[in-house]
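Peer 1: Structure: final.cif, mmCIF, C-alpha atoms and all ligand atoms.
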data_upload
#
loop_
_atom_site.label_atom_id
_atom_site.label_comp_id
_atom_site.auth_asym_id
_atom_site.auth_seq_id
_atom_site.Cartn_x
_atom_site.Cartn_y
_atom_site.Cartn_z
CA MET A 1 121.27 142.42 122.54
CA LEU A 2 117.77 140.91 122.57
CA ASP A 3 114.94 142.12 124.73
CA THR A 4 113.24 139.64 127.06
CA ALA A 5 110.25 138.83 124.82
CA GLU A 6 112.49 138.19 121.79
CA ALA A 7 114.79 136.01 123.86
CA LYS A 8 111.90 133.86 125.06
CA GLN A 9 110.46 133.65 121.55
CA ARG A 10 113.83 132.55 120.11
CA ILE A 11 114.13 129.84 122.74
CA LEU A 12 110.60 128.55 122.29
CA SER A 13 110.94 128.35 118.54
CA ALA A 14 114.37 126.66 118.75
CA VAL A 15 113.39 123.76 121.01
CA ASP A 16 112.09 120.45 119.61
CA ASP A 17 109.03 118.50 120.73
CA LEU A 18 109.87 115.56 122.97
CA PRO A 19 108.64 112.14 121.87
CA SER A 20 105.56 110.62 123.54
CA GLU A 21 105.56 107.59 125.78
CA SER A 22 102.95 105.46 127.44
CA VAL A 23 102.87 105.38 131.26
CA PRO A 24 100.66 103.52 133.74
CA LEU A 25 97.76 105.62 135.05
CA GLU A 26 99.29 105.75 138.54
CA MET A 27 102.40 107.42 137.13
CA ALA A 28 100.58 110.02 135.02
CA ASN A 29 100.26 112.80 137.60
CA GLY A 30 102.48 115.78 136.75
CA ARG A 31 102.98 114.69 133.14
CA THR A 32 101.73 116.42 129.97
CA LEU A 33 98.94 114.61 128.13
CA ARG A 34 99.61 113.70 124.49
CA GLN A 35 96.26 112.11 123.65
CA THR A 36 92.66 113.25 123.52
CA VAL A 37 90.53 111.57 126.17
CA LEU A 38 86.94 110.69 125.25
CA ALA A 39 84.17 109.54 127.57
CA GLU A 40 84.02 105.74 127.60
CA ARG A 41 80.29 105.79 128.43
CA ASP A 42 77.54 108.26 129.22
CA GLN A 43 78.16 109.94 132.59
CA PRO A 44 76.41 108.82 134.69
CA PRO A 45 76.22 105.58 132.73
CA PHE A 46 72.68 104.83 134.04
CA ASP A 47 69.96 106.68 135.95
CA ARG A 48 71.83 106.78 139.26
CA VAL A 49 70.07 106.96 142.62
CA THR A 50 71.60 109.65 144.87
CA MET A 51 69.96 108.82 148.24
CA ASP A 52 69.55 105.74 150.40
CA GLY A 53 65.79 105.12 150.65
CA ILE A 54 63.02 103.48 148.68
CA ALA A 55 62.22 103.47 144.96
CA LEU A 56 58.59 103.49 143.90
CA SER A 57 56.18 104.88 141.32
CA TYR A 58 55.38 108.61 141.35
CA ASP A 59 51.87 108.07 139.94
CA HIS A 60 51.15 105.52 142.63
CA TYR A 61 52.39 107.89 145.38
CA GLU A 62 50.13 110.65 143.96
CA THR A 63 47.06 108.45 144.66
CA LEU A 64 47.85 109.25 148.35
CA VAL A 65 48.83 105.69 149.23
CA ARG A 66 51.50 105.90 151.97
CA SER A 67 52.30 102.22 152.67
CA PHE A 68 54.27 100.14 150.20
CA PRO A 69 55.17 96.44 150.57
CA ILE A 70 58.93 95.96 150.19
CA GLN A 71 59.55 93.88 147.10
CA GLY A 72 63.32 93.57 147.60
CA THR A 73 66.59 95.44 148.08
CA GLN A 74 68.87 96.81 145.41
CA MET A 75 72.45 97.77 146.26
CA ALA A 76 74.94 99.83 144.27
CA GLY A 77 76.39 97.53 141.62
CA ASP A 78 73.32 95.24 141.47
CA PRO A 79 71.53 94.82 138.14
CA PRO A 80 68.23 96.76 138.22
CA LEU A 81 65.10 95.07 139.58
CA THR A 82 61.71 95.66 137.94
CA LEU A 83 59.23 97.35 140.27
CA GLU A 84 56.01 95.43 140.84
CA ASN A 85 52.68 97.27 140.97
CA GLY A 86 51.98 99.01 144.29
CA LYS A 87 55.28 97.99 145.89
CA CYS A 88 58.61 99.64 146.65
CA ILE A 89 62.26 98.59 146.49
CA GLU A 90 64.82 99.43 149.18
CA ILE A 91 67.51 101.30 147.29
CA MET A 92 71.05 102.50 148.04
CA THR A 93 73.03 105.53 146.81
CA GLY A 94 74.82 104.63 143.59
CA ALA A 95 72.28 101.96 142.57
CA VAL A 96 70.53 101.92 139.18
CA LEU A 97 66.98 103.31 139.25
CA PRO A 98 64.77 100.16 139.14
CA GLU A 99 62.73 99.56 135.98
CA GLY A 100 59.24 101.03 136.37
CA SER A 101 60.25 103.34 139.20
CA ASP A 102 60.53 107.12 138.93
CA LEU A 103 60.56 108.29 142.53
CA ILE A 104 63.08 108.01 145.36
CA ILE A 105 62.06 108.75 148.95
CA PRO A 106 65.00 109.17 151.35
CA VAL A 107 65.32 106.75 154.25
CA GLU A 108 64.82 109.65 156.72
CA GLN A 109 61.16 109.95 155.56
CA VAL A 110 60.45 106.23 155.85
CA THR A 111 59.58 103.84 158.68
CA VAL A 112 59.59 100.11 158.08
CA ALA A 113 57.12 97.74 159.75
CA ASN A 114 55.54 94.42 158.71
CA ALA A 115 57.65 94.16 155.54
CA ALA A 116 56.27 97.48 154.28
CA ALA A 117 57.63 101.02 154.05
CA HIS A 118 55.46 103.82 155.45
CA VAL A 119 55.88 107.46 154.45
CA GLN A 120 54.48 110.47 156.40
CA ALA A 121 51.21 111.66 154.87
CA ASN A 122 52.35 115.22 154.09
CA TYR A 123 55.73 114.41 152.49
CA GLN A 124 55.82 116.30 149.15
CA VAL A 125 57.65 114.79 146.19
CA GLU A 126 58.73 115.53 142.63
CA ARG A 127 58.91 112.98 139.84
CA ARG A 128 62.47 111.59 139.50
CA GLN A 129 63.73 113.33 142.62
CA PHE A 130 67.17 112.06 143.75
CA VAL A 131 67.87 110.56 140.34
CA HIS A 132 71.04 111.67 138.53
CA ALA A 133 69.93 111.13 134.95
CA ARG A 134 71.98 109.00 132.57
CA GLY A 135 74.24 111.14 130.36
CA SER A 136 73.31 114.38 132.13
CA ASP A 137 77.01 115.20 132.85
CA HIS A 138 78.27 114.19 129.42
CA ARG A 139 77.59 111.74 126.59
CA GLN A 140 79.68 108.79 125.53
CA GLY A 141 82.41 109.99 123.14
CA ALA A 142 82.46 113.55 124.49
CA GLU A 143 85.97 115.09 124.73
CA LEU A 144 86.95 115.14 128.40
CA LEU A 145 90.64 116.12 128.20
CA GLU A 146 92.67 117.73 125.44
CA VAL A 147 96.25 117.26 124.30
CA GLY A 148 98.55 119.52 126.31
CA THR A 149 96.73 119.12 129.63
CA ARG A 150 99.13 119.06 132.58
CA ILE A 151 97.85 116.09 134.49
CA ARG A 152 96.75 116.82 138.08
CA PRO A 153 94.84 114.56 140.48
CA ALA A 154 91.41 115.58 139.09
CA HIS A 155 92.65 114.64 135.59
CA VAL A 156 93.79 111.28 136.93
CA ALA A 157 90.20 110.71 138.10
CA ILE A 158 88.91 111.59 134.63
CA LEU A 159 91.47 109.31 132.93
CA ALA A 160 90.45 106.46 135.21
CA SER A 161 86.75 107.15 134.56
CA ALA A 162 87.47 106.89 130.84
CA GLY A 163 88.83 103.39 131.45
CA LEU A 164 92.46 104.23 130.60
CA ASP A 165 95.02 102.20 132.53
CA THR A 166 97.87 103.59 130.44
CA VAL A 167 98.22 107.16 129.23
CA GLU A 168 100.17 108.77 126.37
CA VAL A 169 102.29 111.58 127.80
CA ALA A 170 105.34 113.59 126.78
CA SER A 171 108.55 111.77 127.67
CA ARG A 172 110.76 113.43 130.23
CA PRO A 173 113.85 115.16 128.92
CA LEU A 174 117.20 114.31 130.52
CA VAL A 175 118.42 117.63 131.88
CA THR A 176 122.05 117.96 132.95
CA ILE A 177 122.96 120.86 135.18
CA VAL A 178 126.58 121.97 135.34
CA SER A 179 127.94 124.41 137.91
CA THR A 180 131.25 125.96 136.89
CA GLY A 181 133.67 127.75 139.21
CA ASN A 182 136.93 126.98 141.01
CA GLU A 183 135.68 128.89 144.05
CA LEU A 184 132.64 126.63 144.63
CA VAL A 185 132.47 124.10 147.45
CA PRO A 186 129.38 121.91 147.95
CA ALA A 187 127.57 121.83 151.30
CA GLY A 188 129.03 119.19 153.58
CA GLN A 189 132.64 119.78 152.56
CA PRO A 190 135.19 121.92 154.45
CA ILE A 191 135.40 125.45 153.09
CA GLU A 192 138.15 128.09 153.13
CA ALA A 193 137.77 131.82 153.56
CA GLN A 194 138.22 132.59 149.85
CA GLN A 195 135.67 129.99 148.71
CA ILE A 196 131.92 130.12 148.10
CA ARG A 197 129.23 127.54 148.80
CA LEU A 198 127.92 125.91 145.64
CA SER A 199 124.21 126.71 145.78
CA ASN A 200 123.05 127.03 142.17
CA GLY A 201 123.26 123.34 141.33
CA PRO A 202 120.96 122.22 144.16
CA ALA A 203 118.65 125.21 143.54
CA LEU A 204 118.32 124.44 139.81
CA MET A 205 117.67 120.77 140.57
CA ALA A 206 114.99 121.79 143.06
CA MET A 207 113.30 124.11 140.57
CA LEU A 208 113.22 121.42 137.89
CA LEU A 209 111.81 118.88 140.34
CA GLU A 210 109.23 121.39 141.55
CA HIS A 211 107.99 121.80 137.99
CA GLY A 212 107.85 118.03 137.43
CA TYR A 213 111.11 117.46 135.52
CA TYR A 214 112.52 114.58 137.52
CA ARG A 215 115.15 113.33 135.08
CA CYS A 216 117.92 115.68 136.03
CA ARG A 217 121.44 115.43 137.38
CA HIS A 218 124.17 117.81 138.44
CA GLU A 219 127.93 118.05 138.07
CA HIS A 220 130.37 120.64 139.38
CA LEU A 221 133.28 121.51 137.04
CA PRO A 222 136.36 123.71 137.54
CA ASP A 223 137.16 126.70 135.33
CA ASP A 224 139.50 124.65 133.19
CA LYS A 225 138.95 124.70 129.44
CA GLU A 226 139.99 121.14 128.68
CA THR A 227 137.97 119.65 131.53
CA LEU A 228 134.94 121.75 130.60
CA LYS A 229 135.18 120.69 126.99
CA ALA A 230 135.47 117.00 127.79
CA ARG A 231 132.69 116.88 130.40
CA ILE A 232 130.26 119.25 128.67
CA GLY A 233 130.88 117.32 125.44
CA GLN A 234 129.85 114.10 127.11
CA HIS A 235 126.78 115.69 128.73
CA LEU A 236 125.80 117.10 125.36
CA ASP A 237 125.92 113.60 123.85
CA GLU A 238 123.78 112.12 126.60
CA SER A 239 121.27 114.88 127.43
CA ASP A 240 118.27 116.57 125.87
CA VAL A 241 118.84 119.82 127.75
CA LEU A 242 121.94 121.36 129.32
CA VAL A 243 121.71 124.06 131.97
CA LEU A 244 125.08 125.56 132.81
CA SER A 245 125.61 128.08 135.56
CA GLY A 246 128.55 130.47 135.67
CA GLY A 247 131.35 131.30 133.27
CA VAL A 248 129.35 133.24 130.64
CA SER A 249 130.42 136.79 131.45
CA LYS A 250 133.56 138.62 130.34
CA GLY A 251 136.01 137.37 132.97
CA LYS A 252 139.25 135.60 132.07
CA ALA A 253 137.93 132.26 133.32
CA ASP A 254 134.55 132.58 131.57
CA TYR A 255 135.18 129.80 129.06
CA VAL A 256 131.64 128.52 128.63
CA PRO A 257 130.63 130.27 125.34
CA GLU A 258 133.97 129.40 123.76
CA VAL A 259 133.81 125.75 124.85
CA LEU A 260 130.22 125.41 123.62
CA ALA A 261 131.20 126.86 120.23
CA GLU A 262 134.09 124.37 119.97
CA LEU A 263 131.65 121.56 120.76
CA GLY A 264 129.51 122.60 117.78
CA VAL A 265 126.69 124.20 119.75
CA THR A 266 125.12 126.92 117.59
CA VAL A 267 124.67 130.14 119.49
CA GLU A 268 121.16 131.59 119.21
CA PHE A 269 121.94 134.62 121.34
CA HIS A 270 124.24 135.94 124.02
CA ARG A 271 122.97 138.61 126.42
CA ILE A 272 119.45 139.83 127.08
CA ARG A 273 118.38 143.39 127.90
CA GLN A 274 117.45 142.49 131.46
CA ARG A 275 118.59 142.61 135.06
CA PRO A 276 119.41 140.28 136.65
CA GLY A 277 120.76 137.80 134.11
CA LYS A 278 122.04 140.04 131.31
CA PRO A 279 124.93 137.72 130.26
CA MET A 280 122.64 134.74 129.59
CA TRP A 281 123.63 132.60 126.58
CA PHE A 282 121.45 130.16 124.61
CA GLY A 283 122.21 127.75 121.80
CA THR A 284 121.31 124.41 120.25
CA GLY A 285 123.37 121.25 119.78
CA SER A 286 123.59 119.21 116.58
CA ARG A 287 120.74 116.89 117.73
CA GLY A 288 118.63 119.89 118.70
CA GLN A 289 119.65 119.79 122.38
CA ALA A 290 118.77 123.06 124.12
CA VAL A 291 121.77 124.58 125.85
CA PHE A 292 121.20 127.30 128.44
CA ALA A 293 124.26 128.98 129.92
CA LEU A 294 123.08 131.10 132.85
CA PRO A 295 125.14 133.70 134.67
CA GLY A 296 126.39 132.32 137.98
CA ASN A 297 125.04 134.95 140.33
CA PRO A 298 122.45 133.03 142.33
CA VAL A 299 119.57 135.48 141.78
CA SER A 300 120.32 135.61 138.03
CA THR A 301 120.48 131.84 137.82
CA LEU A 302 117.12 131.32 139.50
CA VAL A 303 115.36 134.08 137.57
CA CYS A 304 116.77 132.88 134.22
CA CYS A 305 115.82 129.27 134.95
CA ARG A 306 112.27 130.21 135.89
CA GLN A 307 111.88 132.72 133.07
CA TYR A 308 113.44 130.75 130.19
CA VAL A 309 114.34 127.15 131.04
CA ILE A 310 111.02 126.09 132.58
CA PRO A 311 108.90 127.54 129.72
CA ALA A 312 111.21 125.80 127.23
CA LEU A 313 110.70 122.45 128.97
CA GLU A 314 106.94 123.06 128.97
CA LYS A 315 107.01 123.87 125.25
CA MET A 316 109.04 120.71 124.54
CA SER A 317 106.44 118.69 126.44
CA GLY A 318 103.61 120.31 124.49
CA ALA A 319 101.99 121.70 127.65
CA SER A 320 99.27 124.29 127.03
CA PRO A 321 100.72 127.63 128.16
CA SER A 322 99.52 128.77 131.58
CA PRO A 323 97.78 132.14 131.55
CA GLN A 324 99.96 135.10 132.63
CA ALA A 325 99.35 136.17 136.24
CA PHE A 326 99.47 139.81 137.37
CA ALA A 327 99.87 141.68 140.64
CA ASN A 328 99.75 145.31 141.78
CA LEU A 329 102.84 146.92 143.28
CA THR A 330 102.53 147.93 146.94
CA GLU A 331 105.08 150.74 146.63
CA ASP A 332 106.67 153.04 144.07
CA VAL A 333 109.55 151.45 142.20
CA SER A 334 112.01 153.21 139.95
CA PHE A 335 114.35 151.41 137.60
CA ALA A 336 116.11 153.47 134.97
CA PRO A 337 118.91 151.46 133.30
CA GLN A 338 116.99 150.73 130.05
CA LEU A 339 116.74 147.05 130.93
CA THR A 340 113.74 144.89 131.79
CA CYS A 341 113.84 144.38 135.55
CA PHE A 342 112.83 141.08 137.15
CA LEU A 343 112.05 142.22 140.66
CA PRO A 344 111.67 139.56 143.38
CA VAL A 345 108.43 140.05 145.32
CA ARG A 346 106.39 138.67 148.13
CA ILE A 347 102.71 138.19 147.30
CA VAL A 348 99.93 139.11 149.68
CA THR A 349 96.22 139.18 148.93
CA SER A 350 94.27 142.38 149.67
CA ALA A 351 90.92 142.33 151.51
CA ALA A 352 89.34 142.91 148.08
CA GLY A 353 90.99 139.74 146.77
CA GLN A 354 93.69 141.39 144.65
CA SER A 355 97.23 140.02 144.44
CA LEU A 356 99.65 142.61 145.80
CA ALA A 357 103.36 142.43 145.05
CA MET A 358 105.66 143.66 147.84
CA PRO A 359 109.11 144.31 146.34
CA ALA A 360 111.95 142.46 148.05
CA PRO A 361 114.86 144.00 146.21
CA THR A 362 118.12 142.13 146.50
CA ASN A 363 121.23 144.20 147.22
CA THR A 364 122.96 142.69 144.21
CA SER A 365 122.28 139.71 141.99
CA GLY A 366 124.44 137.78 144.45
CA ASP A 367 122.24 138.63 147.46
CA PHE A 368 120.11 135.55 147.34
CA ALA A 369 119.33 135.31 151.06
CA ALA A 370 116.72 138.03 150.34
CA LEU A 371 114.94 135.53 148.08
CA GLY A 372 113.93 133.52 151.13
CA ARG A 373 111.10 135.97 151.71
CA THR A 374 109.80 135.96 148.13
CA ASP A 375 107.19 134.01 146.17
CA GLY A 376 108.36 134.97 142.69
CA TYR A 377 109.20 138.06 140.66
CA VAL A 378 107.43 140.74 138.65
CA GLU A 379 108.51 142.04 135.28
CA LEU A 380 109.06 145.78 134.98
CA ALA A 381 109.01 146.91 131.37
CA LEU A 382 112.17 148.24 129.79
CA GLU A 383 110.52 151.36 128.29
CA GLN A 384 109.35 152.64 131.66
CA ASP A 385 111.47 153.99 134.54
CA LEU A 386 108.84 154.76 137.20
CA PHE A 387 106.28 152.27 138.44
CA PRO A 388 103.93 153.98 140.92
CA THR A 389 102.15 152.14 143.74
CA GLY A 390 99.24 150.16 142.29
CA THR A 391 100.84 149.54 138.89
CA THR A 392 99.70 146.16 137.52
CA VAL A 393 102.69 144.09 136.43
CA PRO A 394 103.19 140.52 135.12
CA LEU A 395 103.95 138.08 137.92
CA THR A 396 105.80 134.75 137.85
CA LEU A 397 105.78 132.52 140.91
CA TRP A 398 108.96 130.56 141.56
P1 LIG B 1 130.18 133.77 137.15
O1 LIG B 1 128.91 133.89 136.38
O2 LIG B 1 130.87 132.48 136.97
O3 LIG B 1 131.06 134.96 136.87
O4 LIG B 1 129.77 133.86 138.67
C1 LIG B 1 129.21 135.05 139.20
C2 LIG B 1 129.14 134.98 140.69
O5 LIG B 1 128.26 133.95 141.07
C3 LIG B 1 130.45 134.67 141.37
O6 LIG B 1 130.51 135.42 142.56
C4 LIG B 1 130.36 133.22 141.67
O7 LIG B 1 131.17 132.85 142.75
C5 LIG B 1 128.91 133.03 141.96
N1 LIG B 1 128.50 131.68 141.60
C6 LIG B 1 128.73 131.09 140.43
N2 LIG B 1 128.23 129.84 140.41
C7 LIG B 1 127.68 129.64 141.64
C8 LIG B 1 127.03 128.55 142.26
N3 LIG B 1 126.82 127.40 141.61
N4 LIG B 1 126.60 128.69 143.51
C9 LIG B 1 126.80 129.86 144.17
N5 LIG B 1 127.41 130.92 143.64
C10 LIG B 1 127.85 130.83 142.39
MG MG B 2 132.64 131.68 137.45
#
Would you write the structure of this file as structure tokens?
Peer 2:
Amino acid sequence: MLDTAEAKQRILSAVDDLPSESVPLEMANGRTLRQTVLAERDQPPFDRVTMDGIALSYDHYETLVRSFPIQGTQMAGDPPLTLENGKCIEIMTGAVLPEGSDLIIPVEQVTVANAAAHVQANYQVERRQFVHARGSDHRQGAELLEVGTRIRPAHVAILASAGLDTVEVASRPLVTIVSTGNELVPAGQPIEAQQIRLSNGPALMAMLLEHGYYRCRHEHLPDDKETLKARIGQHLDESDVLVLSGGVSKGKADYVPEVLAELGVTVEFHRIRQRPGKPMWFGTGSRGQAVFALPGNPVSTLVCCRQYVIPALEKMSGASPSPQAFANLTEDVSFAPQLTCFLPVRIVTSAAGQSLAMPAPTNTSGDFAALGRTDGYVELALEQDLFPTGTTVPLTLW
């Protein structure tokens, strides 16, 4: 049996990189960048005025003159005027600093009468005040975004500023989710006393969507070997990733590992030294498809998806790994079974700004209603049995 770190490592090294594709800028949010983005021009691209007011000459102002005939008006987007001797130019925020001018006086300090601007006698100035100098943020050609960036709205602004109307990103994998189990009945359909609501399929879909993997679909299959083989075989042909839930333990109807083997999926491992989710199975198809078979207990399914499937999809997309988060336990926890424990927690922030993890233990790995009060889970190391209050532990948010 593998421990959790080995299992993750095996998965990450088994999965293939997805191809790149080009998408319109408006569709780039949430995708993983596959190109380097360089500055199209200096930023700002010209000496940019940052106040509405007047533009004039600093040296002229220092001669104590306080009235300046208005030569003209320059708006944002206008080509720069050239300042004439002794005059001023009305100027707007975002305009280019006029040629020959090196001083901006804000409109609040100015009164206009008889086609001239008048400034109060004691208004103190600095040369080039309210001028955002050309190239002071970055130079043309500077690297603004690197390969692997997960594109968020601020990155979209940067992409647009670099003049890119299409962006190279990782293509989206087609992920097929399969729920197995004769006892499962989807919401909306009549249910009998001996049956169970099918919840893993919708939950797995939701988790994939939440992490930006929109190309996913779900099918419910019975515990019937021939049906499983036919349907999983077809999904394997069509998909990049398969996420199966249920049927991987040691029960008589747990056909999934057997069916996957018959379909030519190479097993990378079966079982991880962890709770919940010990029976998890992982393998690869002949085209390199990643096949995750998660135990059906709802808490196990969600933890295994968040812990292994999502990082695998991120690796396939080439996303730069997010830094590990940590939190401090708010109470003593003991866990002795020589397994890594993924303990669901609620996160609160202390007055000192620390993340505190309040354990929300589930009764069993089937008690998923308890998850409604959680934000994620912490990882309690296998080698340790006692985790006193205040212990700092790795945290994963759902
Ligand atoms: P299995 O891994 O197939 O042995 O299932 C373990 C437990 O999880 C059983 O009690 C199942 O009824 C339950 N279970 C399996 N799949 C689902 C599902 N999709 N939604 C809700 N419960 C499930
Ligand atoms: Mg089952």
Peer 1: Using only C-alpha atoms, pick whichever of A:Ser179, A:Thr32, A:Ser171, A:Ser239 has the shortest atom-to-atom distance to Val156 of chain A.
Peer 2: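 With only C-alpha atoms as the atom set, the closest residue is A:Thr32.
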Peer 1: List all protein, DNA and RNA residues that have an atom no more than 9 Å from any atom of ligand MG 2 (chain B), counting all atoms listed in the file, and report them as a PDB file with C-alpha atoms, keeping the file's coordinate frame.
Peer 2:
ATOM      1  CA  SER A 179     127.940 124.410 137.910  1.00  0.00           C
ATOM      2  CA  THR A 180     131.250 125.960 136.890  1.00  0.00           C
ATOM      3  CA  GLY A 181     133.670 127.750 139.210  1.00  0.00           C
ATOM      4  CA  ASN A 182     136.930 126.980 141.010  1.00  0.00           C
ATOM      5  CA  GLU A 183     135.680 128.890 144.050  1.00  0.00           C
ATOM      6  CA  LEU A 184     132.640 126.630 144.630  1.00  0.00           C
ATOM      7  CA  PRO A 222     136.360 123.710 137.540  1.00  0.00           C
ATOM      8  CA  ASP A 223     137.160 126.700 135.330  1.00  0.00           C
ATOM      9  CA  SER A 245     125.610 128.080 135.560  1.00  0.00           C
ATOM     10  CA  GLY A 246     128.550 130.470 135.670  1.00  0.00           C
ATOM     11  CA  GLY A 247     131.350 131.300 133.270  1.00  0.00           C
ATOM     12  CA  VAL A 248     129.350 133.240 130.640  1.00  0.00           C
ATOM     13  CA  SER A 249     130.420 136.790 131.450  1.00  0.00           C
ATOM     14  CA  GLY A 251     136.010 137.370 132.970  1.00  0.00           C
ATOM     15  CA  ALA A 253     137.930 132.260 133.320  1.00  0.00           C
ATOM     16  CA  ASP A 254     134.550 132.580 131.570  1.00  0.00           C
ATOM     17  CA  TYR A 255     135.180 129.800 129.060  1.00  0.00           C
ATOM     18  CA  PRO A 295     125.140 133.700 134.670  1.00  0.00           C
ATOM     19  CA  GLY A 296     126.390 132.320 137.980  1.00  0.00           C
ATOM     20  CA  ASN A 297     125.040 134.950 140.330  1.00  0.00           C
TER      21      ASN A 297
END
Peer 1: Residues at most 6 Å from Val265 of chain A, counting all atoms listed in the file, excluding those fewer than 5 positions away in the same chain, as a ChimeraX atom specification?
Peer 2: /A:260,284-285
Peer 1: Which value, in Å to one decimal, gives the distance between atom CA of Ile272 of chain A and atom CA of Tyr377 of chain A?
Peer 2: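 Computing it gives 17.1 Å between the two atoms.
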Peer 1: Quick one: residues within 10 Å of (117.2, 116.6, 137.8) (file frame), counting all atoms listed in the file, please, as a short mmCIF file (atom, residue, chain, number, x, y, z; two decimals) with C-alpha atoms, in the coordinates of the input.
Peer 2:
data_model
loop_
_atom_site.label_atom_id
_atom_site.label_comp_id
_atom_site.auth_asym_id
_atom_site.auth_seq_id
_atom_site.Cartn_x
_atom_site.Cartn_y
_atom_site.Cartn_z
CA PRO A 173 113.85 115.16 128.92
CA LEU A 174 117.20 114.31 130.52
CA VAL A 175 118.42 117.63 131.88
CA THR A 176 122.05 117.96 132.95
CA ILE A 177 122.96 120.86 135.18
CA GLY A 201 123.26 123.34 141.33
CA PRO A 202 120.96 122.22 144.16
CA LEU A 204 118.32 124.44 139.81
CA MET A 205 117.67 120.77 140.57
CA ALA A 206 114.99 121.79 143.06
CA MET A 207 113.30 124.11 140.57
CA LEU A 208 113.22 121.42 137.89
CA LEU A 209 111.81 118.88 140.34
CA GLY A 212 107.85 118.03 137.43
CA TYR A 213 111.11 117.46 135.52
CA TYR A 214 112.52 114.58 137.52
CA ARG A 215 115.15 113.33 135.08
CA CYS A 216 117.92 115.68 136.03
CA ARG A 217 121.44 115.43 137.38
CA HIS A 218 124.17 117.81 138.44
#
Peer 1: Quick one: pull the distance between atom CA of Arg66 of chain A and atom CA of His118 of chain A, Å, one decimal.
Peer 2: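 It comes out at 5.7 Å.
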Peer 1: Counting only C-alpha atoms, what is within 10 Å of Val65 of chain A, bar same-chain residues fewer than 3 positions away, as a ChimeraX atom specification?
Peer 2: /A:60-62,68,86,118-119,121
Peer 1: Using only C-alpha atoms, please write the residues we just selected to a file, as an mmCIF file, in the coordinates of the input.
Peer 2:
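Saved as result-v8.cif:
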data_model
loop_
_atom_site.group_PDB
_atom_site.id
_atom_site.type_symbol
_atom_site.label_atom_id
_atom_site.label_comp_id
_atom_site.auth_asym_id
_atom_site.auth_seq_id
_atom_site.Cartn_x
_atom_site.Cartn_y
_atom_site.Cartn_z
ATOM 1 C CA HIS A 60 51.150 105.520 142.630
ATOM 2 C CA TYR A 61 52.390 107.890 145.380
ATOM 3 C CA GLU A 62 50.130 110.650 143.960
ATOM 4 C CA PHE A 68 54.270 100.140 150.200
ATOM 5 C CA GLY A 86 51.980 99.010 144.290
ATOM 6 C CA HIS A 118 55.460 103.820 155.450
ATOM 7 C CA VAL A 119 55.880 107.460 154.450
ATOM 8 C CA ALA A 121 51.210 111.660 154.870
#
Peer 1: Give me the residues within 9 Å of Thr389 of chain A as a list in words, counting all atoms listed in the file and dropping any in the same chain fewer than 4 places off.
Peer 2: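 These residues fall inside the cut-off: Asn328, Leu329, Thr330, Glu331, Asp332 and Val333 of chain A.
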Peer 1: May I have the residues within 7 Å of Arg150 of chain A as a list in words, using only C-alpha atoms and disregarding those fewer than 2 positions away in the same chain?
Peer 2: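 My reading of the contact set: Gly30, Arg31, Thr32, Leu33, Gly148, Arg152 and Ala319 of chain A.
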Peer 1: With 3 Å of padding per side, what axis-aligned box (centre and edge lengths, Å, one decimal) covers all the listed atoms of ligand LIG 1 (chain B)? Give it as JSON.
Peer 2:
{"center_x": 128.9, "center_y": 131.4, "center_z": 140.3, "size_x": 10.6, "size_y": 14.0, "size_z": 13.8}
Peer 1: Expressed in Å to a single decimal, how great is the separation between atom CA of Glu192 of chain A and atom CA of Leu242 of chain A?
Peer 2: 29.6 Å
Peer 1: Which residue gives the smallest distance to Lys278 of chain A among A:Arg10, A:His211, A:Lys250, A:Arg139, with all atoms listed in the file counted?
Peer 2: A:Lys250
Peer 1: Could you check the closest approach to ligand LIG 1 (chain B) for each of A:Thr63, A:Asn200, A:Thr50, A:Thr266 and tell me which residue wins, using all atoms listed in the file?
Peer 2: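 Of all the options, A:Asn200 lies closest to ligand LIG 1 (chain B).
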Peer 1: Around the point (114.2, 145.6, 123.8) (coordinates from the file), which residues reach within 10 Å if we count all atoms listed in the file? Answer as a PDB file with C-alpha atoms, in the coordinates of the input.
Peer 2:
ATOM      1  CA  MET A   1     121.270 142.420 122.540  1.00  0.00           C
ATOM      2  CA  LEU A   2     117.770 140.910 122.570  1.00  0.00           C
ATOM      3  CA  ASP A   3     114.940 142.120 124.730  1.00  0.00           C
ATOM      4  CA  THR A   4     113.240 139.640 127.060  1.00  0.00           C
ATOM      5  CA  ALA A   5     110.250 138.830 124.820  1.00  0.00           C
ATOM      6  CA  GLU A   6     112.490 138.190 121.790  1.00  0.00           C
ATOM      7  CA  ALA A   7     114.790 136.010 123.860  1.00  0.00           C
ATOM      8  CA  ILE A 272     119.450 139.830 127.080  1.00  0.00           C
ATOM      9  CA  ARG A 273     118.380 143.390 127.900  1.00  0.00           C
ATOM     10  CA  GLN A 274     117.450 142.490 131.460  1.00  0.00           C
ATOM     11  CA  GLN A 338     116.990 150.730 130.050  1.00  0.00           C
ATOM     12  CA  LEU A 339     116.740 147.050 130.930  1.00  0.00           C
ATOM     13  CA  THR A 340     113.740 144.890 131.790  1.00  0.00           C
ATOM     14  CA  ALA A 381     109.010 146.910 131.370  1.00  0.00           C
ATOM     15  CA  LEU A 382     112.170 148.240 129.790  1.00  0.00           C
ATOM     16  CA  GLU A 383     110.520 151.360 128.290  1.00  0.00           C
TER      17      GLU A 383
END
Peer 1: Given all atoms listed in the file as the basis, pick out the residue of A:Val125, A:His220, A:Ile158, A:Ala357 nearest to Leu198 of chain A.
Peer 2: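 Closest candidate: A:His220.
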Peer 1: So, with all atoms listed in the file as the atoms that count, which of A:Pro186, A:Gly318, A:Gly72, A:Pro359 lies closest to ligand LIG 1 (chain B)?
Peer 2: A:Pro186
